[in-house]
$ cat work-v9.cif   # mmCIF, C-alpha atoms
data_target
loop_
_atom_site.group_PDB
_atom_site.id
_atom_site.type_symbol
_atom_site.label_atom_id
_atom_site.label_comp_id
_atom_site.auth_asym_id
_atom_site.auth_seq_id
_atom_site.Cartn_x
_atom_site.Cartn_y
_atom_site.Cartn_z
ATOM 1 C CA GLY A 19 -23.559 129.998 116.175
ATOM 2 C CA THR A 20 -25.543 130.590 119.339
ATOM 3 C CA LEU A 21 -24.349 132.008 122.642
ATOM 4 C CA MET A 22 -24.405 128.505 124.186
ATOM 5 C CA GLU A 23 -22.352 127.123 121.282
ATOM 6 C CA ALA A 24 -19.796 129.885 121.810
ATOM 7 C CA ILE A 25 -19.636 129.169 125.554
ATOM 8 C CA ASN A 26 -19.188 125.433 124.956
ATOM 9 C CA SER A 27 -16.514 126.025 122.293
ATOM 10 C CA TYR A 28 -14.632 128.406 124.585
ATOM 11 C CA THR A 29 -14.812 125.953 127.508
ATOM 12 C CA GLN A 30 -13.373 123.166 125.358
ATOM 13 C CA ALA A 31 -10.640 125.426 123.956
ATOM 14 C CA SER A 32 -9.717 126.746 127.423
ATOM 15 C CA GLU A 33 -8.104 123.418 128.327
ATOM 16 C CA GLY A 34 -5.344 124.216 125.818
ATOM 17 C CA PHE A 35 -4.689 127.808 126.898
ATOM 18 C CA THR A 36 -1.340 128.385 128.579
ATOM 19 C CA GLU A 37 -0.544 130.973 131.238
ATOM 20 C CA GLU A 38 1.772 132.688 128.755
ATOM 21 C CA ASN A 39 -0.907 132.812 126.052
ATOM 22 C CA ILE A 40 -3.546 134.188 128.408
ATOM 23 C CA LYS A 41 -1.213 136.776 129.885
ATOM 24 C CA GLU A 42 -0.006 137.837 126.430
ATOM 25 C CA ARG A 43 -3.591 138.389 125.214
ATOM 26 C CA MET A 44 -4.505 140.283 128.378
ATOM 27 C CA THR A 45 -1.415 142.482 128.145
ATOM 28 C CA LYS A 46 -2.101 143.309 124.489
ATOM 29 C CA THR A 47 -5.659 144.319 125.345
ATOM 30 C CA ILE A 48 -4.586 146.394 128.359
ATOM 31 C CA LEU A 49 -1.898 148.248 126.403
ATOM 32 C CA SER A 50 -4.394 149.011 123.640
ATOM 33 C CA ALA A 51 -6.914 150.266 126.201
ATOM 34 C CA ILE A 52 -4.331 152.469 127.922
ATOM 35 C CA ALA A 53 -3.230 153.890 124.550
ATOM 36 C CA SER A 54 -6.853 154.846 123.885
ATOM 37 C CA GLY A 55 -7.205 156.612 127.225
ATOM 38 C CA THR A 56 -9.044 153.919 129.170
ATOM 39 C CA THR A 57 -8.522 154.221 132.915
ATOM 40 C CA THR A 58 -10.618 151.277 134.178
ATOM 41 C CA ILE A 59 -11.356 147.781 132.907
ATOM 42 C CA ARG A 60 -13.778 145.348 134.492
ATOM 43 C CA THR A 61 -13.232 141.819 133.295
ATOM 44 C CA HIS A 62 -15.862 139.128 133.548
ATOM 45 C CA ILE A 63 -13.276 136.411 133.408
ATOM 46 C CA ASP A 64 -14.539 132.891 132.765
ATOM 47 C CA PHE A 65 -14.750 130.670 135.856
ATOM 48 C CA SER A 66 -15.930 127.262 134.710
ATOM 49 C CA THR A 67 -15.956 124.671 137.455
ATOM 50 C CA ARG A 68 -16.627 121.844 134.995
ATOM 51 C CA VAL A 69 -13.074 121.760 133.664
ATOM 52 C CA ASN A 70 -9.998 120.547 135.523
ATOM 53 C CA GLU A 71 -8.971 122.701 138.475
ATOM 54 C CA GLU A 72 -5.870 124.077 136.783
ATOM 55 C CA THR A 73 -7.972 125.357 133.872
ATOM 56 C CA THR A 74 -10.645 126.687 136.239
ATOM 57 C CA PHE A 75 -8.161 128.985 138.001
ATOM 58 C CA ARG A 76 -5.630 129.776 135.233
ATOM 59 C CA GLY A 77 -7.450 132.794 133.799
ATOM 60 C CA ILE A 78 -8.220 134.226 137.244
ATOM 61 C CA GLN A 79 -4.590 133.926 138.314
ATOM 62 C CA MET A 80 -3.359 135.633 135.140
ATOM 63 C CA ALA A 81 -5.936 138.425 135.487
ATOM 64 C CA LEU A 82 -4.833 139.057 139.065
ATOM 65 C CA GLU A 83 -1.178 139.105 137.940
ATOM 66 C CA VAL A 84 -1.734 141.685 135.193
ATOM 67 C CA LYS A 85 -3.969 143.694 137.528
ATOM 68 C CA LYS A 86 -1.033 144.019 139.918
ATOM 69 C CA GLU A 87 1.524 144.682 137.153
ATOM 70 C CA PHE A 88 -0.515 147.448 135.533
ATOM 71 C CA ALA A 89 -1.910 148.996 138.746
ATOM 72 C CA PRO A 90 0.152 152.195 138.328
ATOM 73 C CA PHE A 91 -1.456 152.776 134.907
ATOM 74 C CA ILE A 92 -4.984 151.366 134.940
ATOM 75 C CA ASP A 93 -7.577 150.061 137.397
ATOM 76 C CA ILE A 94 -8.433 146.459 136.533
ATOM 77 C CA GLN A 95 -11.438 144.973 138.303
ATOM 78 C CA VAL A 96 -11.637 141.174 138.294
ATOM 79 C CA TYR A 97 -15.213 139.842 138.421
ATOM 80 C CA PRO A 98 -15.184 136.090 137.752
ATOM 81 C CA LEU A 99 -18.234 134.990 135.799
ATOM 82 C CA PHE A 100 -19.680 132.307 138.090
ATOM 83 C CA PRO A 101 -21.112 129.150 136.511
ATOM 84 C CA PHE A 102 -24.667 129.316 135.212
ATOM 85 C CA TYR A 103 -25.714 125.858 136.374
ATOM 86 C CA PRO A 104 -26.839 124.572 139.758
ATOM 87 C CA TYR A 105 -23.736 124.034 141.897
ATOM 88 C CA SER A 106 -22.551 120.667 143.132
ATOM 89 C CA ASP A 107 -20.373 120.261 146.224
ATOM 90 C CA LYS A 108 -17.355 120.101 143.878
ATOM 91 C CA ASP A 109 -18.366 123.442 142.304
ATOM 92 C CA ARG A 110 -18.837 125.019 145.740
ATOM 93 C CA LYS A 111 -15.330 123.947 146.824
ATOM 94 C CA LYS A 112 -13.841 125.711 143.798
ATOM 95 C CA ILE A 113 -15.987 128.779 144.481
ATOM 96 C CA GLU A 114 -14.845 128.872 148.114
ATOM 97 C CA LYS A 115 -11.228 128.677 146.933
ATOM 98 C CA LEU A 116 -11.864 131.493 144.432
ATOM 99 C CA LEU A 117 -13.249 133.678 147.206
ATOM 100 C CA THR A 118 -9.910 133.525 149.037
ATOM 101 C CA MET A 119 -8.287 135.236 146.052
ATOM 102 C CA ASP A 120 -8.102 139.003 145.571
ATOM 103 C CA ILE A 121 -11.149 139.355 143.311
ATOM 104 C CA ASP A 122 -13.099 142.613 143.184
ATOM 105 C CA GLY A 123 -16.611 141.275 142.740
ATOM 106 C CA ILE A 124 -18.764 138.460 141.412
ATOM 107 C CA GLY A 125 -20.214 138.082 137.934
ATOM 108 C CA GLY A 126 -22.764 135.645 136.610
ATOM 109 C CA ALA A 127 -25.303 134.851 133.910
ATOM 110 C CA PRO A 128 -28.208 133.232 135.766
ATOM 111 C CA HIS A 129 -30.638 133.630 132.851
ATOM 112 C CA LEU A 130 -28.671 130.822 131.137
ATOM 113 C CA CYS A 131 -29.301 128.473 134.059
ATOM 114 C CA THR A 132 -32.017 125.825 133.938
ATOM 115 C CA GLU A 133 -33.058 127.186 137.356
ATOM 116 C CA PRO A 134 -32.394 130.947 137.066
ATOM 117 C CA THR A 135 -33.950 131.832 140.438
ATOM 118 C CA GLU A 136 -31.691 129.315 142.196
ATOM 119 C CA CYS A 137 -28.648 130.702 140.373
ATOM 120 C CA VAL A 138 -29.537 134.269 141.385
ATOM 121 C CA GLU A 139 -29.860 133.112 145.004
ATOM 122 C CA GLU A 140 -26.420 131.448 144.806
ATOM 123 C CA LEU A 141 -24.818 134.618 143.436
ATOM 124 C CA PHE A 142 -26.326 136.718 146.213
ATOM 125 C CA TYR A 143 -25.366 134.158 148.844
ATOM 126 C CA TYR A 144 -21.670 134.390 147.922
ATOM 127 C CA ALA A 145 -21.746 138.157 147.358
ATOM 128 C CA VAL A 146 -23.391 138.977 150.678
ATOM 129 C CA LYS A 147 -21.319 136.429 152.611
ATOM 130 C CA ASN A 148 -18.092 137.944 151.230
ATOM 131 C CA ASN A 149 -19.259 141.574 150.989
ATOM 132 C CA LEU A 150 -18.560 141.687 147.248
ATOM 133 C CA PRO A 151 -20.504 143.659 144.629
ATOM 134 C CA LEU A 152 -22.296 141.879 141.782
ATOM 135 C CA ASP A 153 -22.138 142.553 138.033
ATOM 136 C CA ILE A 154 -24.534 140.167 136.326
ATOM 137 C CA HIS A 155 -25.031 139.421 132.628
ATOM 138 C CA THR A 156 -28.797 139.456 132.407
ATOM 139 C CA ASP A 157 -31.421 138.292 129.937
ATOM 140 C CA GLU A 158 -29.304 138.022 126.789
ATOM 141 C CA SER A 159 -32.296 137.003 124.704
ATOM 142 C CA ASP A 160 -34.847 138.460 122.335
ATOM 143 C CA ASP A 161 -37.584 136.635 124.272
ATOM 144 C CA PRO A 162 -39.744 139.165 126.181
ATOM 145 C CA ASN A 163 -40.638 136.446 128.700
ATOM 146 C CA ILE A 164 -37.033 136.181 129.927
ATOM 147 C CA ASP A 165 -37.050 138.548 132.897
ATOM 148 C CA THR A 166 -34.447 137.316 135.350
ATOM 149 C CA VAL A 167 -33.744 140.994 136.054
ATOM 150 C CA LEU A 168 -36.888 141.058 138.222
ATOM 151 C CA THR A 169 -35.520 138.267 140.438
ATOM 152 C CA ILE A 170 -32.214 140.126 140.661
ATOM 153 C CA ALA A 171 -34.002 143.346 141.651
ATOM 154 C CA ASP A 172 -36.045 141.511 144.305
ATOM 155 C CA ASN A 173 -32.911 139.928 145.759
ATOM 156 C CA THR A 174 -31.086 143.256 145.682
ATOM 157 C CA MET A 175 -33.753 144.728 147.939
ATOM 158 C CA LYS A 176 -34.136 141.565 150.046
ATOM 159 C CA TYR A 177 -30.428 141.604 150.930
ATOM 160 C CA LYS A 178 -30.233 145.426 151.145
ATOM 161 C CA TYR A 179 -27.692 145.375 148.323
ATOM 162 C CA GLU A 180 -28.930 148.527 146.619
ATOM 163 C CA GLY A 181 -26.066 150.271 144.825
ATOM 164 C CA LYS A 182 -23.939 147.102 144.831
ATOM 165 C CA VAL A 183 -25.533 145.324 141.859
ATOM 166 C CA VAL A 184 -25.087 146.025 138.144
ATOM 167 C CA VAL A 185 -27.010 144.230 135.394
ATOM 168 C CA ASP A 186 -25.680 144.191 131.832
ATOM 169 C CA HIS A 187 -27.019 143.347 128.376
ATOM 170 C CA LEU A 188 -30.776 143.199 129.159
ATOM 171 C CA CYS A 189 -31.537 142.334 125.523
ATOM 172 C CA SER A 190 -34.986 140.904 126.292
ATOM 173 C CA LEU A 191 -36.034 144.309 127.652
ATOM 174 C CA SER A 192 -36.112 145.611 124.061
ATOM 175 C CA ALA A 193 -38.550 142.845 123.041
ATOM 176 C CA MET A 194 -41.027 143.513 125.868
ATOM 177 C CA ASP A 195 -44.229 145.444 125.328
ATOM 178 C CA GLN A 196 -44.100 148.956 126.751
ATOM 179 C CA GLU A 197 -46.157 148.142 129.847
ATOM 180 C CA LYS A 198 -43.873 145.306 130.922
ATOM 181 C CA ALA A 199 -40.728 147.252 129.993
ATOM 182 C CA ASN A 200 -41.916 150.172 132.147
ATOM 183 C CA TYR A 201 -42.566 147.780 135.048
ATOM 184 C CA VAL A 202 -39.066 146.274 134.728
ATOM 185 C CA LEU A 203 -37.437 149.706 134.562
ATOM 186 C CA LYS A 204 -39.394 150.889 137.617
ATOM 187 C CA LYS A 205 -38.342 147.768 139.547
ATOM 188 C CA MET A 206 -34.694 148.310 138.570
ATOM 189 C CA GLN A 207 -34.920 151.952 139.677
ATOM 190 C CA GLU A 208 -36.472 150.879 142.987
ATOM 191 C CA ALA A 209 -33.583 148.427 143.557
ATOM 192 C CA LYS A 210 -31.063 151.108 142.574
#

$ encode --input "work-v9.cif" --output "structure tokens"
Amino acid sequence: GTLMEAINSYTQASEGFTEENIKERMTKTILSAIASGTTTIRTHIDFSTRVNEETTFRGIQMALEVKKEFAPFIDIQVYPLFPFYPYSDKDRKKIEKLLTMDIDGIGGAPHLCTEPTECVEELFYYAVKNNLPLDIHTDESDDPNIDTVLTIADNTMKYKYEGKVVVDHLCSLSAMDQEKANYVLKKMQEAK
């Protein structure tokens, strides 16, 4: 199905995941990566605040455990994928709790938000406040009008966060006409 269908299916299924199951899947993946010569993994681990609190934090806790266990063999960077909807006070409390954990950075997908600019602002607020880098899933669409990357670039420069922000996917960039694509690329280069 669609990306949103996959996200919704995963969120529903996550309620039934156990610590053992999550850790087993992570360990299998890490061992396979190490066997293939991988030296660093960055995980955009799901951080849904719309499920019960135990489910919200289970994946993060397991990722931090395996990060510690495998530290002698591989660098694992934990970047929780922040919610892509406007945050309620309840969401913010879970985010504040998350930020007390030993995460390496903040991830997000603000282009999926009904208010993408607001979501970008939220990501930068927490990143700057906690001096954490950002790695943002961006514009996973074939619609050339989806250009959240420009808002991210503007915020990168506004907060003097050049060199601390990564954008991934950028599928809509391939659907843009050359003039707009060149503008987006120039803006990304300017924001470093």

$ residues_around --input "work-v9.cif" --residues "A:Ser190" --least-positions-apart "3" --cutoff "6 Å" --atoms "only C-alpha atoms" --output "list in words"
Asp157, Ser159, Asp160, Asp161, Pro162 and Ala193 of chain A

$ closest_residue --input "work-v9.cif" --among "A:Phe35, A:Tyr177, A:Tyr144, A:Tyr103" --to "A:His129" --atoms "all atoms listed in the file"
A:Tyr103

$ atom_distance --input "work-v9.cif" --atom1 "atom CA of A:Met194" --atom2 "atom CA of A:Gly125"
24.7 Å

$ atom_distance --input "work-v9.cif" --atom1 "atom CA of A:Thr57" --atom2 "atom CA of A:Ile92"
5.0 Å

$ resolve_selection --input "work-v9.cif" --expression "the PyMOL selection byres ((chain A and resi 191) around 12)" --output "ChimeraX atom specification"
/A:156-168,185-190,192-203,206

$ atom_distance --input "work-v9.cif" --atom1 "atom CA of A:Ser32" --atom2 "atom CA of A:Glu139"
27.5 Å

$ residues_around --input "work-v9.cif" --residues "stretch 146-150 of chain A" --least-positions-apart "4" --cutoff "9 Å" --atoms "all atoms listed in the file" --output "list in words"
Leu117, Ile121, Asp122, Gly123, Ile124, Leu141, Phe142, Tyr177, Tyr179 and Lys182 of chain A

$ resolve_selection --input "work-v9.cif" --expression "the PyMOL selection byres ((chain A and resi 59-70) around 7)" --output "ChimeraX atom specification"
/A:58,71-74,77-78,93-101,109,112,125

$ closest_residue --input "work-v9.cif" --among "A:Tyr105, A:Thr169, A:Ser27, A:Thr174" --to "A:Glu140" --atoms "only C-alpha atoms"
A:Tyr105

$ closest_residue --input "work-v9.cif" --among "A:Ala53, A:Ala81, A:Met119, A:Leu130" --to "A:Met22" --atoms "all atoms listed in the file"
A:Leu130
